[in-house]
Every structure is written in structure tokens, then in C-alpha cells.
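Written below as C-alpha cells is the structure these notes are about.
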Amino acid sequence: MRKSTPILLTVTVLLILSLACAVTGVPAPTEDINFLGTAVMQTMVAGATQTAGPGLPVDPTGSPLPTSTPEAPTATPTITLSPTPIFTATSSIPLISVSVATNCRVGPGRVYDRVGALLVGEVAEIVARNPVGNYWYIRNPDRTDGLCWLWGEYATVTGNTGVLPIYTPPPTPTPVPAFDADYERLESCSGWWVDIELTNTGGVTFESVSLTVRDTDTDIVVSLFSDSFTDLDGCVDSASRDRLNPGANRTVSSSAFAYDPTGHDLRATITLCSRDGQSGTCITETINFTP
């Protein structure tokens with residue numbers, strides 16, 4: 001109904017103009033058909049514009065212009081929360097391991113008897129420590145119901161050691177003399193002699209040595225008596241030590257044969273004593289070998 005109003009208004013205006021011309025005798029103007037068409041079209045366009053819905057654009061033909069589709073909102077990225085790590089409480093029990101296999105003894109020192117050993121890769125519980133703090137009293141790895149002392153030189157300790165009691169070591173046992181002897185090599189310069197390696201495995205310091213080597217093939221014997229431990233190094237050098245302390249080792253050279261005993265069966269008898277002149281506490285070992 002609203003669109004017909006501009007058309008009726010235009011027709012009414014034209015009728016009034018025609019009557020006015022007829023009354024005054026003024027010849028009616030020639031109608032410009034193009035002008036009227038244009039006016040009518042503009043009026044229609046204006047009416048169509050007025051009746052268009054708010055916010056809806058139109059083109060000159062009266063058709064609504066296409067509107068852009070609103071862009072969909074971009075989704076906000078969701079933040080993924082990483083789970084909070086759960087930490088396991090460290091055991092407070094003091095434990096010990098070693099980087100080198102270490103003997104475990106009845107007391108904190110080499111003078112005490114060996115009753116076990118802690119090997120690389122093994123772990124033992126610590127029960128106490130000595131006053132100095134260089135030995136640990138642990139559960140014996142070789143005896144489930146026993147305890148022993150472990151040297152801490154190669155040890156790694158974990159756990160709370162501040163609560164460990166301090167144990168007083170047992171009395172030092174009476175030192176016992178002991179040593180190991182091994183054939184090392186045959187050397188020569190002006191004659192041929194054998195080198196014997198000595199290791200003090202007991203608790204007594206040795207200060208003198210006697211070394212007798214018998215060729216059992218020829219029954220020839222060479223002997224040495226000395227208050228030092230001397231290692232001859234060919235014709236060039238030699239090294240001497242006055243003592244062989246517990247845990248230490250020394251190489252001792254025998255007296256020389258006048259011939260090459262290579263391939264012969266030899267027997268070496270070694271006696272070590274705690275005082276000079278082959279006196280004091282003495283112990284003897286015998287070994288057989290073929291250079």
C-alpha cells in the first residue's frame with residue numbers, strides 16, 4: 001500500500017497543471033515523456049529506498065545488494081597443562097657402594113682379619129662409623145647376620161649419615177707376620193739373576209731378608225743376605241728400601257748365576273725378619289718356577 005502513494009501524487013500534480021493551463025488559456029506544455037519516465041522512476045526508487053529494511057542495501061533496480069557474511073570468531077587455543085611430576089622421597093637409610101672392590105674386616109685397618117668384601121655394583125647398609133670417619137661399619141655383604149668394617153677410600157655414601165653412632169674399634173690384634181712371594185723375571189748383566197716380588201700381607205714390618213735360589217737341574221745354589229730390599233735393573237740402575245711395611249711390596253734381586261738358567265727348574269727360599277741381621281720375628285716362604 002505504501003508504494004502506490006508516490007504514483008498517485010505524481011498523477012494528481014499533472015492533472016492540476018493541465019487544468020491550470022486550460023483555465024488561463026496558456027497552451028499546455030509538451031510533455032517530455034523521458035522526463036516523466038525519469039521522474040516516475042526516481043520516485044519509485046525513492047519509495048523503494050524508504051521501504052527497505054534497516055541495514056539492507058539496495059541497487060538502483062530496487063533489488064537488495066548482497067551482504068557479507070560475518071566472519072566466524074577465531075577459537076582461542078586451549079592451553080594443555082603438563083601433569084606435575086611426583087617426586088619420590090630419598091631413602092634416609094645410609095647406604096654404601098664402592099668403585100673398587102674393597103675388603104671388609106673385623107676392625108678398621110689391615111691388621112684386622114678379613115671377613116668379607118664389598119664388590120663393585122653391590123650396596124650395603126651402614127650401621128656406624130669410626131671416630132676418624134674413614135671406616136664404615138656395615139652389614140657384611142657375605143654374611144647376612146654379620147657386620148664388618150669397610151675402608152672409605154673408594155666408597156660412595158648416600159642417605160643421612162648424621163644419625164650414625166660412632167663405634168670405638170676393637171683392640172688391635174697381635175700383629176702376625178705374613179708375606180707373598182712371586183717370581184717376576186730373569187735379568188742379566190755380568191751374570192744372571194732372578195727378581196722376586198714380595199708383598200707384606202701381615203701386620204709386622206720386615207727389615208731384613210735372606211734369599212737362596214737353587215737350580216734343581218744342576219744343584220747350584222746362590223744366596224743373598226741383606227738388611228735392605230734391593231732391585232737390580234740390568235746394568236743401569238738399582239733401587240733399595242730399608243723396610244717392607246704391612247701392605248707394601250718390593251722387588252728383590254737374587255745373587256747372580258755364572259750361567260744362563262733359562263729353562264731350568266729353580267727353587268727360591270725367602271726369609272723375612274722384623275729386625276736387621278735376620279733377627280727378631282722371622283717367617284719363610286718357598287716358591288718353584290722355571291725362567
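Scheme for the C-alpha cells: letters A, B, ... for chains in order shown; per-chain residue numbers from 1; ligand numbers from 1 in order shown.
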Compile the contact shell of A:Asp219 as a VMD selection string: residues with an atom at most 12 Å away, counting only C-alpha atoms, same-chain residues fewer than 5 positions apart removed. chain A and resid 213 to 214 257 261 264 to 267
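The list of residues with at least one atom within 6 Å of stretch 139-142 of chain A, based on only C-alpha atoms and without residues fewer than 4 positions apart in the same chain, reads Gly116, Glu125, Gly146, Leu147 and Cys148 of chain A.
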Tell me, as a compact mmCIF listing (two decimals) with C-alpha atoms, in the first residue's frame, which residues lie within 8 Å of A:Leu272, counting only C-alpha atoms; anything in the same chain fewer than 3 positions away does not count.
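Below is the file that was written, result28.txt:
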# COMPACT_ATOMS: atom_id res chain seq x y z
CA PHE A 206 110.25 -56.54 57.83
CA GLU A 207 113.75 -55.05 57.98
CA SER A 208 115.98 -57.81 56.61
CA VAL A 209 115.85 -60.55 54.01
CA SER A 210 117.66 -63.72 53.02
CA GLN A 278 117.90 -61.78 60.06
CA CYS A 282 111.09 -64.22 61.04
CA ILE A 283 108.96 -66.11 58.51
CA THR A 284 109.97 -68.21 55.47
I need the residue nearest A:Ala268 from this list: A:Pro246, A:Ser190, A:Glu184, A:Arg241. Use only C-alpha atoms for the distance. A:Glu184
Stretch 118-121 of chain A: which residues within 6 Å, counting only C-alpha atoms, same-chain residues fewer than 3 positions away excluded, as a PDB file with C-alpha atoms, in the first residue's frame?
ATOM      1  CA  VAL A  98      82.404 -48.813  46.034  1.00  0.00           C
ATOM      2  CA  SER A  99      84.166 -48.086  42.750  1.00  0.00           C
ATOM      3  CA  VAL A 100      86.895 -50.652  43.546  1.00  0.00           C
ATOM      4  CA  ALA A 101      86.281 -53.980  45.308  1.00  0.00           C
ATOM      5  CA  THR A 102      87.156 -53.432  48.987  1.00  0.00           C
TER       6      THR A 102
END
So which bits of stretch 123-266 of chain A end up strand (DSSP E) when you DSSP the backbone, as a count of residues only? 72
